[in-house]
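data-v4.cif follows (mmCIF, C-alpha atoms):
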data_work
#
loop_
_atom_site.group_PDB
_atom_site.id
_atom_site.type_symbol
_atom_site.label_atom_id
_atom_site.label_comp_id
_atom_site.auth_asym_id
_atom_site.auth_seq_id
_atom_site.Cartn_x
_atom_site.Cartn_y
_atom_site.Cartn_z
ATOM 1 C CA MET A 1 -4.222 16.282 9.198
ATOM 2 C CA GLY A 2 -4.816 19.137 6.819
ATOM 3 C CA VAL A 3 -3.318 16.845 4.192
ATOM 4 C CA LEU A 4 -5.082 17.986 1.080
ATOM 5 C CA THR A 5 -6.822 21.178 0.169
ATOM 6 C CA GLY A 6 -10.325 21.983 -1.012
ATOM 7 C CA TYR A 7 -12.637 24.636 -2.357
ATOM 8 C CA ARG A 8 -13.036 28.192 -1.137
ATOM 9 C CA SER A 9 -16.416 28.779 0.475
ATOM 10 C CA SER A 10 -18.735 31.544 -0.614
ATOM 11 C CA ARG A 11 -19.317 34.555 1.629
ATOM 12 C CA THR A 12 -22.842 33.417 2.417
ATOM 13 C CA CYS A 13 -21.983 29.822 3.359
ATOM 14 C CA PRO A 14 -20.029 28.454 6.305
ATOM 15 C CA PRO A 15 -16.607 27.048 5.448
ATOM 16 C CA SER A 16 -16.515 23.409 4.423
ATOM 17 C CA VAL A 17 -14.095 20.760 5.648
ATOM 18 C CA GLY A 18 -12.197 21.227 2.396
ATOM 19 C CA ASP A 19 -11.831 24.960 3.119
ATOM 20 C CA VAL A 20 -10.437 24.290 6.573
ATOM 21 C CA ASP A 21 -7.953 21.804 5.112
ATOM 22 C CA ASN A 22 -6.819 24.331 2.533
ATOM 23 C CA ARG A 23 -6.333 27.041 5.140
ATOM 24 C CA THR A 24 -4.407 24.619 7.344
ATOM 25 C CA GLU A 25 -2.188 23.616 4.444
ATOM 26 C CA VAL A 26 -1.501 27.237 3.491
ATOM 27 C CA ARG A 27 -0.825 28.275 7.085
ATOM 28 C CA GLU A 28 1.570 25.420 7.786
ATOM 29 C CA PHE A 29 3.390 25.821 4.486
ATOM 30 C CA LEU A 30 3.932 29.578 4.858
ATOM 31 C CA THR A 31 4.955 29.389 8.504
ATOM 32 C CA SER A 32 7.365 26.527 7.814
ATOM 33 C CA ARG A 33 9.005 28.490 4.966
ATOM 34 C CA ARG A 34 9.233 31.638 7.094
ATOM 35 C CA ALA A 35 10.938 29.668 9.859
ATOM 36 C CA LYS A 36 13.650 28.509 7.435
ATOM 37 C CA ILE A 37 14.817 32.008 6.436
ATOM 38 C CA THR A 38 17.235 33.732 8.809
ATOM 39 C CA PRO A 39 17.544 37.526 9.043
ATOM 40 C CA GLU A 40 21.049 37.202 7.645
ATOM 41 C CA GLN A 41 19.776 35.343 4.587
ATOM 42 C CA ALA A 42 17.051 37.933 4.048
ATOM 43 C CA GLN A 43 19.472 40.804 4.750
ATOM 44 C CA VAL A 44 17.209 42.420 7.338
ATOM 45 C CA PRO A 45 18.546 44.035 10.525
ATOM 46 C CA GLN A 46 18.189 42.053 13.706
ATOM 47 C CA ALA A 47 16.271 44.020 16.298
ATOM 48 C CA GLY A 48 15.362 42.637 19.708
ATOM 49 C CA GLN A 49 15.342 39.125 21.064
ATOM 50 C CA ARG A 50 13.837 36.456 18.794
ATOM 51 C CA ARG A 51 11.720 33.799 20.450
ATOM 52 C CA VAL A 52 11.569 31.559 17.393
ATOM 53 C CA PRO A 53 13.918 30.983 14.441
ATOM 54 C CA GLY A 54 13.308 32.596 11.107
ATOM 55 C CA LEU A 55 11.751 35.868 10.057
ATOM 56 C CA ARG A 56 8.963 37.757 11.751
ATOM 57 C CA ARG A 57 5.694 38.286 9.895
ATOM 58 C CA SER A 58 6.418 42.004 9.768
ATOM 59 C CA GLU A 59 9.753 41.345 8.067
ATOM 60 C CA VAL A 60 8.194 39.106 5.420
ATOM 61 C CA ALA A 61 5.499 41.717 4.826
ATOM 62 C CA ALA A 62 8.101 44.449 4.378
ATOM 63 C CA LEU A 63 10.137 42.321 1.973
ATOM 64 C CA ALA A 64 7.010 41.521 -0.040
ATOM 65 C CA GLY A 65 5.743 45.102 -0.069
ATOM 66 C CA VAL A 66 2.430 44.370 1.649
ATOM 67 C CA SER A 67 1.000 45.410 4.992
ATOM 68 C CA VAL A 68 1.576 43.314 8.092
ATOM 69 C CA GLU A 69 -2.176 42.869 8.472
ATOM 70 C CA TYR A 70 -2.520 41.607 4.908
ATOM 71 C CA TYR A 71 0.357 39.145 5.198
ATOM 72 C CA ALA A 72 -0.971 37.894 8.554
ATOM 73 C CA LYS A 73 -4.289 37.222 6.818
ATOM 74 C CA LEU A 74 -2.510 35.207 4.134
ATOM 75 C CA GLU A 75 -0.533 33.245 6.690
ATOM 76 C CA ARG A 76 -3.758 32.379 8.502
ATOM 77 C CA GLY A 77 -4.668 30.521 5.325
ATOM 78 C CA THR A 78 -6.828 32.983 3.408
ATOM 79 C CA LEU A 79 -5.170 32.645 0.024
ATOM 80 C CA GLY A 80 -8.192 32.708 -2.269
ATOM 81 C CA GLY A 81 -8.285 35.610 -4.721
ATOM 82 C CA VAL A 82 -4.679 36.664 -4.151
ATOM 83 C CA SER A 83 -3.084 38.054 -7.313
ATOM 84 C CA ALA A 84 -0.152 36.418 -9.061
ATOM 85 C CA GLY A 85 1.902 39.538 -8.358
ATOM 86 C CA VAL A 86 1.397 39.213 -4.612
ATOM 87 C CA LEU A 87 2.148 35.490 -4.713
ATOM 88 C CA ASP A 88 5.359 36.248 -6.595
ATOM 89 C CA ALA A 89 6.314 38.880 -4.015
ATOM 90 C CA ILE A 90 5.679 36.414 -1.167
ATOM 91 C CA ALA A 91 7.728 33.764 -2.971
ATOM 92 C CA ARG A 92 10.645 36.179 -3.347
ATOM 93 C CA ALA A 93 10.447 37.316 0.258
ATOM 94 C CA LEU A 94 10.492 33.717 1.491
ATOM 95 C CA GLN A 95 13.193 32.789 -1.056
ATOM 96 C CA LEU A 96 11.115 29.892 -2.359
ATOM 97 C CA ASP A 97 12.720 27.622 -4.930
ATOM 98 C CA ASP A 98 10.914 26.687 -8.143
ATOM 99 C CA ALA A 99 9.120 23.704 -6.592
ATOM 100 C CA GLU A 100 8.015 25.695 -3.531
ATOM 101 C CA ARG A 101 6.811 28.604 -5.675
ATOM 102 C CA ALA A 102 4.772 26.226 -7.854
ATOM 103 C CA HIS A 103 3.326 24.643 -4.696
ATOM 104 C CA LEU A 104 2.261 28.060 -3.396
ATOM 105 C CA PHE A 105 0.450 28.788 -6.662
ATOM 106 C CA HIS A 106 -1.237 25.379 -6.557
ATOM 107 C CA LEU A 107 -2.476 26.126 -3.038
ATOM 108 C CA ALA A 108 -3.837 29.456 -4.242
ATOM 109 C CA ARG A 109 -5.708 27.776 -7.095
ATOM 110 C CA ALA A 110 -7.133 25.247 -4.657
ATOM 111 C CA ALA A 111 -8.331 28.108 -2.447
ATOM 112 C CA ASP A 112 -10.083 29.599 -5.491
ATOM 113 C CA GLY A 113 -11.693 26.266 -6.294
ATOM 114 C CA THR A 114 -10.101 26.016 -9.734
ATOM 115 C CA THR A 115 -8.022 22.851 -9.318
ATOM 116 C CA ALA A 116 -11.011 20.551 -9.848
ATOM 117 C CA ALA A 117 -11.608 22.003 -13.310
ATOM 118 C CA MET A 118 -7.907 21.802 -14.203
ATOM 119 C CA ARG A 119 -7.329 18.222 -13.125
ATOM 120 C CA PRO A 120 -7.167 15.359 -15.665
ATOM 121 C CA ARG A 121 -10.235 13.201 -16.175
ATOM 122 C CA ARG A 122 -10.427 10.412 -13.637
ATOM 123 C CA ARG A 123 -9.724 6.960 -14.968
ATOM 124 C CA THR A 124 -12.126 4.139 -14.337
ATOM 125 C CA ALA A 125 -11.762 2.082 -11.185
ATOM 126 C CA THR A 126 -10.333 -0.868 -13.135
ATOM 127 C CA GLN A 127 -6.611 -1.515 -12.716
ATOM 128 C CA TRP A 128 -4.517 0.585 -15.084
ATOM 129 C CA GLU A 129 -2.450 -1.244 -17.664
ATOM 130 C CA PRO A 130 -0.034 0.288 -20.169
ATOM 131 C CA ARG A 131 -1.143 0.653 -23.756
ATOM 132 C CA PRO A 132 0.679 -1.835 -26.005
ATOM 133 C CA SER A 133 2.614 0.979 -27.684
ATOM 134 C CA LEU A 134 3.737 2.316 -24.307
ATOM 135 C CA GLN A 135 4.933 -1.122 -23.217
ATOM 136 C CA TRP A 136 6.716 -1.524 -26.575
ATOM 137 C CA THR A 137 8.441 1.783 -25.950
ATOM 138 C CA LEU A 138 9.581 0.630 -22.513
ATOM 139 C CA ASP A 139 10.781 -2.704 -23.874
ATOM 140 C CA SER A 140 12.756 -0.983 -26.631
ATOM 141 C CA ILE A 141 14.980 0.571 -23.936
ATOM 142 C CA THR A 142 17.513 -2.191 -23.397
ATOM 143 C CA THR A 143 20.535 -0.377 -21.958
ATOM 144 C CA GLY A 144 18.991 0.656 -18.633
ATOM 145 C CA PRO A 145 15.930 0.364 -16.418
ATOM 146 C CA ALA A 146 12.826 2.277 -17.491
ATOM 147 C CA ILE A 147 9.626 2.615 -15.465
ATOM 148 C CA VAL A 148 6.269 4.394 -15.488
ATOM 149 C CA GLY A 149 4.760 5.772 -12.276
ATOM 150 C CA ASN A 150 2.113 8.197 -11.063
ATOM 151 C CA ASN A 151 1.954 11.000 -8.496
ATOM 152 C CA ARG A 152 0.943 8.540 -5.775
ATOM 153 C CA SER A 153 4.293 6.731 -6.119
ATOM 154 C CA ASP A 154 2.707 3.656 -7.716
ATOM 155 C CA LEU A 155 5.049 1.650 -9.945
ATOM 156 C CA LEU A 156 2.787 0.941 -12.911
ATOM 157 C CA ALA A 157 4.947 -0.463 -15.712
ATOM 158 C CA THR A 158 8.590 -1.343 -16.394
ATOM 159 C CA ASN A 159 10.933 -2.764 -18.968
ATOM 160 C CA HIS A 160 12.825 -5.980 -18.232
ATOM 161 C CA LEU A 161 15.707 -4.208 -16.467
ATOM 162 C CA GLY A 162 13.275 -2.072 -14.496
ATOM 163 C CA ARG A 163 11.571 -5.181 -13.130
ATOM 164 C CA ALA A 164 14.976 -6.580 -12.242
ATOM 165 C CA LEU A 165 16.131 -3.387 -10.516
ATOM 166 C CA TYR A 166 12.950 -3.086 -8.455
ATOM 167 C CA ALA A 167 12.531 -6.780 -7.685
ATOM 168 C CA ASP A 168 12.181 -5.911 -3.978
ATOM 169 C CA LEU A 169 9.012 -3.917 -4.663
ATOM 170 C CA TYR A 170 7.411 -6.989 -6.213
ATOM 171 C CA ALA A 171 8.306 -9.352 -3.376
ATOM 172 C CA ASP A 172 4.662 -9.572 -2.252
ATOM 173 C CA PRO A 173 2.600 -10.617 -5.302
ATOM 174 C CA THR A 174 -0.661 -9.752 -3.506
ATOM 175 C CA LYS A 175 0.172 -6.029 -3.332
ATOM 176 C CA SER A 176 0.648 -3.455 -6.076
ATOM 177 C CA PRO A 177 4.162 -1.965 -5.922
ATOM 178 C CA ASN A 178 4.305 1.493 -4.400
ATOM 179 C CA PHE A 179 7.520 3.386 -3.657
ATOM 180 C CA ALA A 180 6.159 5.170 -0.584
ATOM 181 C CA ARG A 181 4.817 2.035 1.080
ATOM 182 C CA PHE A 182 8.073 0.258 0.280
ATOM 183 C CA ALA A 183 10.221 3.055 1.724
ATOM 184 C CA PHE A 184 8.343 3.343 5.025
ATOM 185 C CA LEU A 185 6.716 -0.044 5.619
ATOM 186 C CA ASP A 186 9.220 -2.574 4.224
ATOM 187 C CA THR A 187 12.467 -3.218 6.088
ATOM 188 C CA ALA A 188 14.130 -4.187 2.782
ATOM 189 C CA ALA A 189 14.087 -0.495 1.835
ATOM 190 C CA HIS A 190 16.883 0.262 4.305
ATOM 191 C CA ARG A 191 19.119 -2.154 2.431
ATOM 192 C CA PHE A 192 17.935 -1.178 -1.043
ATOM 193 C CA TYR A 193 18.507 2.553 -0.436
ATOM 194 C CA PRO A 194 22.039 3.032 1.020
ATOM 195 C CA ASN A 195 21.036 6.612 1.925
ATOM 196 C CA TRP A 196 17.595 5.757 3.218
ATOM 197 C CA ASP A 197 17.017 9.152 4.871
ATOM 198 C CA LEU A 198 17.509 10.955 1.566
ATOM 199 C CA ALA A 199 15.257 8.517 -0.285
ATOM 200 C CA ALA A 200 12.582 8.946 2.385
ATOM 201 C CA ASP A 201 12.823 12.748 2.218
ATOM 202 C CA ILE A 202 12.454 12.695 -1.568
ATOM 203 C CA THR A 203 9.522 10.284 -1.451
ATOM 204 C CA VAL A 204 7.557 12.462 0.965
ATOM 205 C CA ALA A 205 8.419 15.690 -0.858
ATOM 206 C CA ASN A 206 7.103 14.140 -4.074
ATOM 207 C CA LEU A 207 3.837 13.185 -2.364
ATOM 208 C CA ARG A 208 3.491 16.650 -0.798
ATOM 209 C CA THR A 209 3.993 18.199 -4.249
ATOM 210 C CA ALA A 210 1.346 15.881 -5.708
ATOM 211 C CA ALA A 211 -1.054 16.855 -2.923
ATOM 212 C CA GLY A 212 -0.743 20.506 -3.917
ATOM 213 C CA GLN A 213 -1.268 19.711 -7.589
ATOM 214 C CA ASP A 214 -4.333 17.519 -7.080
ATOM 215 C CA PRO A 215 -5.815 18.119 -3.621
ATOM 216 C CA HIS A 216 -8.909 16.007 -4.359
ATOM 217 C CA ASP A 217 -7.101 12.774 -5.222
ATOM 218 C CA LYS A 218 -8.834 10.205 -2.992
ATOM 219 C CA GLY A 219 -6.141 7.586 -3.613
ATOM 220 C CA LEU A 220 -3.458 10.011 -2.482
ATOM 221 C CA GLN A 221 -5.468 10.966 0.593
ATOM 222 C CA ASP A 222 -5.824 7.304 1.529
ATOM 223 C CA LEU A 223 -2.115 6.644 1.006
ATOM 224 C CA VAL A 224 -1.057 9.609 3.152
ATOM 225 C CA GLY A 225 -3.539 8.574 5.846
ATOM 226 C CA GLU A 226 -2.230 5.011 5.860
ATOM 227 C CA LEU A 227 1.418 6.031 6.042
ATOM 228 C CA SER A 228 0.750 8.684 8.691
ATOM 229 C CA THR A 229 -0.933 6.056 10.848
ATOM 230 C CA ARG A 230 1.703 3.362 10.383
ATOM 231 C CA SER A 231 4.987 5.287 10.233
ATOM 232 C CA GLY A 232 6.324 7.924 12.595
ATOM 233 C CA GLU A 233 9.153 8.608 10.135
ATOM 234 C CA PHE A 234 6.580 9.450 7.487
ATOM 235 C CA ARG A 235 4.533 11.675 9.853
ATOM 236 C CA ARG A 236 7.591 13.696 10.791
ATOM 237 C CA ARG A 237 8.572 14.280 7.193
ATOM 238 C CA TRP A 238 5.027 15.056 6.081
ATOM 239 C CA GLY A 239 4.848 17.762 8.699
ATOM 240 C CA SER A 240 7.913 19.513 7.270
ATOM 241 C CA HIS A 241 5.930 20.596 4.158
ATOM 242 C CA ASN A 242 8.920 20.149 1.853
ATOM 243 C CA VAL A 243 8.205 19.893 -1.881
ATOM 244 C CA ARG A 244 10.373 19.216 -4.913
ATOM 245 C CA THR A 245 10.417 18.928 -8.696
ATOM 246 C CA HIS A 246 11.093 15.351 -9.775
ATOM 247 C CA ALA A 247 12.913 15.775 -13.070
ATOM 248 C CA GLY A 248 16.424 14.343 -13.072
ATOM 249 C CA GLY A 249 19.500 13.579 -11.015
ATOM 250 C CA SER A 250 21.156 10.471 -9.634
ATOM 251 C CA LYS A 251 20.125 7.779 -7.184
ATOM 252 C CA GLY A 252 22.023 5.163 -5.248
ATOM 253 C CA PHE A 253 20.774 1.583 -4.821
ATOM 254 C CA HIS A 254 22.055 -1.642 -3.315
ATOM 255 C CA HIS A 255 20.625 -4.515 -5.325
ATOM 256 C CA GLN A 256 20.470 -7.863 -3.579
ATOM 257 C CA VAL A 257 22.194 -9.605 -6.527
ATOM 258 C CA VAL A 258 24.584 -7.117 -8.180
ATOM 259 C CA GLY A 259 25.418 -4.808 -5.254
ATOM 260 C CA ASP A 260 25.825 -1.032 -5.392
ATOM 261 C CA LEU A 261 24.480 1.030 -8.286
ATOM 262 C CA THR A 262 24.676 4.779 -8.858
ATOM 263 C CA LEU A 263 22.285 5.583 -11.676
ATOM 264 C CA ALA A 264 21.523 8.868 -13.412
ATOM 265 C CA TYR A 265 17.846 9.355 -14.242
ATOM 266 C CA GLU A 266 15.611 11.576 -16.332
ATOM 267 C CA SER A 267 11.842 11.806 -15.762
ATOM 268 C CA LEU A 268 9.505 12.646 -18.651
ATOM 269 C CA ASP A 269 5.801 13.500 -18.434
ATOM 270 C CA LEU A 270 3.636 11.350 -20.711
ATOM 271 C CA ARG A 271 1.358 13.669 -22.675
ATOM 272 C CA ALA A 272 -0.949 10.812 -23.679
ATOM 273 C CA GLU A 273 -1.279 9.727 -20.030
ATOM 274 C CA PRO A 274 -1.835 12.842 -17.868
ATOM 275 C CA GLY A 275 -0.357 12.446 -14.408
ATOM 276 C CA LEU A 276 2.025 9.652 -15.410
ATOM 277 C CA THR A 277 5.796 9.910 -15.730
ATOM 278 C CA MET A 278 8.378 7.752 -17.454
ATOM 279 C CA THR A 279 11.757 7.569 -15.723
ATOM 280 C CA ILE A 280 14.807 6.228 -17.557
ATOM 281 C CA TYR A 281 17.974 5.229 -15.706
ATOM 282 C CA THR A 282 21.473 5.034 -17.112
ATOM 283 C CA ALA A 283 25.018 4.502 -15.885
ATOM 284 C CA GLU A 284 28.174 6.442 -16.613
ATOM 285 C CA PRO A 285 30.004 4.577 -19.404
ATOM 286 C CA ASN A 286 32.753 2.199 -18.235
ATOM 287 C CA SER A 287 31.964 2.903 -14.578
ATOM 288 C CA PRO A 288 31.564 0.225 -11.882
ATOM 289 C CA THR A 289 27.815 0.839 -12.091
ATOM 290 C CA ALA A 290 27.871 0.198 -15.846
ATOM 291 C CA HIS A 291 29.475 -3.182 -15.202
ATOM 292 C CA ALA A 292 26.988 -3.903 -12.415
ATOM 293 C CA LEU A 293 24.130 -2.931 -14.751
ATOM 294 C CA ALA A 294 25.450 -5.404 -17.345
ATOM 295 C CA LEU A 295 25.510 -8.040 -14.616
ATOM 296 C CA LEU A 296 21.925 -7.111 -13.710
ATOM 297 C CA ALA A 297 20.917 -7.619 -17.339
ATOM 298 C CA SER A 298 22.578 -11.047 -17.336
ATOM 299 C CA TRP A 299 20.799 -11.990 -14.120
ATOM 300 C CA ALA A 300 17.480 -10.740 -15.475
ATOM 301 C CA ALA A 301 17.958 -12.895 -18.561
ATOM 302 C CA THR A 302 18.076 -15.982 -16.320
ATOM 303 C CA GLN A 303 14.847 -15.014 -14.567
ATOM 304 C CA GLU A 304 11.269 -15.397 -15.677
ATOM 305 C CA LEU A 305 10.031 -11.909 -14.853
ATOM 306 C CA THR A 306 6.250 -12.016 -14.945
ATOM 307 C CA PRO A 307 4.088 -9.023 -15.909
ATOM 308 C CA SER A 308 3.589 -8.416 -12.183
ATOM 309 C CA GLY A 309 7.362 -8.178 -11.754
ATOM 310 C CA ARG A 310 7.887 -11.424 -9.829
ATOM 311 C CA SER A 311 11.029 -13.309 -10.748
ATOM 312 C CA GLU A 312 11.456 -17.047 -11.029
ATOM 313 C CA PRO A 313 14.373 -19.041 -12.488
ATOM 314 C CA LEU A 314 13.843 -19.902 -16.125
ATOM 315 C CA ARG A 315 12.730 -23.501 -16.626
ATOM 316 C CA SER A 316 14.772 -25.627 -18.973
#

Could you take the file, read its structure, and then write that structure out as structure tokens?
Amino acid sequence: MGVLTGYRSSRTCPPSVGDVDNRTEVREFLTSRRAKITPEQAQVPQAGQRRVPGLRRSEVAALAGVSVEYYAKLERGTLGGVSAGVLDAIARALQLDDAERAHLFHLARAADGTTAAMRPRRRTATQWEPRPSLQWTLDSITTGPAIVGNNRSDLLATNHLGRALYADLYADPTKSPNFARFAFLDTAAHRFYPNWDLAADITVANLRTAAGQDPHDKGLQDLVGELSTRSGEFRRRWGSHNVRTHAGGSKGFHHQVVGDLTLAYESLDLRAEPGLTMTIYTAEPNSPTAHALALLASWAATQELTPSGRSEPLRS
């Protein structure tokens, strides 16, 4: 699939599978970005008939101030050793946004073989559980849902309202909750996300971004392989090579008990837990969502939400 990238081979050794994957990833990313930019957007004159949409390689090279031969080499996937100045010039020529520019630099580091040294230490194979102080912090947030997740879209920890909001993800107690599997493999996702297409696009873009940041993550490789095999909707989106920065915004939900919710969210990296993010949701004061969120809190209070997130009516 060319899903994740690897190390750059030496000049005296044949390229490894990881090298081929990195070159494939670079090639597909650059060509997909080039296809998205029209001559009008790039303010270049249109000369001759165009067989495909987007800019020609020669036009990108001219905009970036490099030779056509050199840019063609980059677009074939040979990104190792490229200077930051050239990467910046390519990013400007292709009008990359902040997330796409960061992804390009991550691909370049992977081609140089430096991502392995920069990645966080791997945790043990035992199931991750939040430190008591982290769970206390989550539980101290009582006005809105709060969750902790990783780059593989695993839902790792929540406060009481977070477990109530994402009750659908905990429906199967034998499986660990994962946003990507839920979005593409669970029919309940189409009800839970009123704009399912947008939620699916965001989910895949987040995974593609994570793949660029940590191309050697075996868990992420396995997840992408599973979803690519089981979901055509996922395969199509994965092939688009879209990336994004997951920081803040708003999301729409349809909860099976309280109905529609439009929640603002802010995502914060946890410095004590590299690779993990805390996301806190809130509602506009006095809005219909604020009233629905209060109703969700009341419903959650009548449920026995277990540490795994399963809900059962409280016993008298």

>> Report, in Å to a single decimal, how far apart atom CA of A:Leu96 and atom CA of A:Arg235 are.
In response: 22.9 Å

> Hey, which of A:Ala189, A:Ala157, A:Ala247, A:Leu198 ends up closest to A:Leu169? Count only C-alpha atoms.
Replying inline: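 Among the listed residues, A:Ala189 lies closest to A:Leu169.
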
> So which residues get picked by the PyMOL selection byres ((chain A and resi 160) around 8) here, written as a list in words?
Replying inline: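 Selected by the PyMOL selection byres ((chain A and resi 160) around 8) here: Asp139, Thr142, Pro145, Thr158, Asn159, Leu161, Gly162, Arg163, Ala164, Ala300 and Leu305 of chain A.
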
Same residues, C-alpha atoms, saved as a short mmCIF file (atom, residue, chain, number, x, y, z; two decimals), in the frame of the given file:
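Listing of part.cif after writing:
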data_model
loop_
_atom_site.label_atom_id
_atom_site.label_comp_id
_atom_site.auth_asym_id
_atom_site.auth_seq_id
_atom_site.Cartn_x
_atom_site.Cartn_y
_atom_site.Cartn_z
CA ASP A 139 10.78 -2.70 -23.87
CA THR A 142 17.51 -2.19 -23.40
CA PRO A 145 15.93 0.36 -16.42
CA THR A 158 8.59 -1.34 -16.39
CA ASN A 159 10.93 -2.76 -18.97
CA LEU A 161 15.71 -4.21 -16.47
CA GLY A 162 13.28 -2.07 -14.50
CA ARG A 163 11.57 -5.18 -13.13
CA ALA A 164 14.98 -6.58 -12.24
CA ALA A 300 17.48 -10.74 -15.48
CA LEU A 305 10.03 -11.91 -14.85
#

> Which residues match the PyMOL selection byres ((chain A and resi 95) around 12) in the file above, as a list in words?
Replying inline: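 Taken over the shown coordinates, the PyMOL selection byres ((chain A and resi 95) around 12) returns Leu30, Arg33, Arg34, Ala35, Lys36, Ile37, Thr38, Pro39, Gln41, Ala42, Gln43, Leu55, Val60, Leu63, Ala64, Leu87, Asp88, Ala89, Ile90, Ala91, Arg92, Ala93, Leu94, Leu96, Asp97, Asp98, Ala99, Glu100 and Arg101 of chain A.
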
>> Show me, as a list in words, the residues that have an atom within 7 Å of A:Val204 when counting only C-alpha atoms, minus same-chain residues fewer than 4 positions from it.
In response: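 Counting only C-alpha atoms, the residues come to Ala200, Arg208, Arg237 and Trp238 of chain A.
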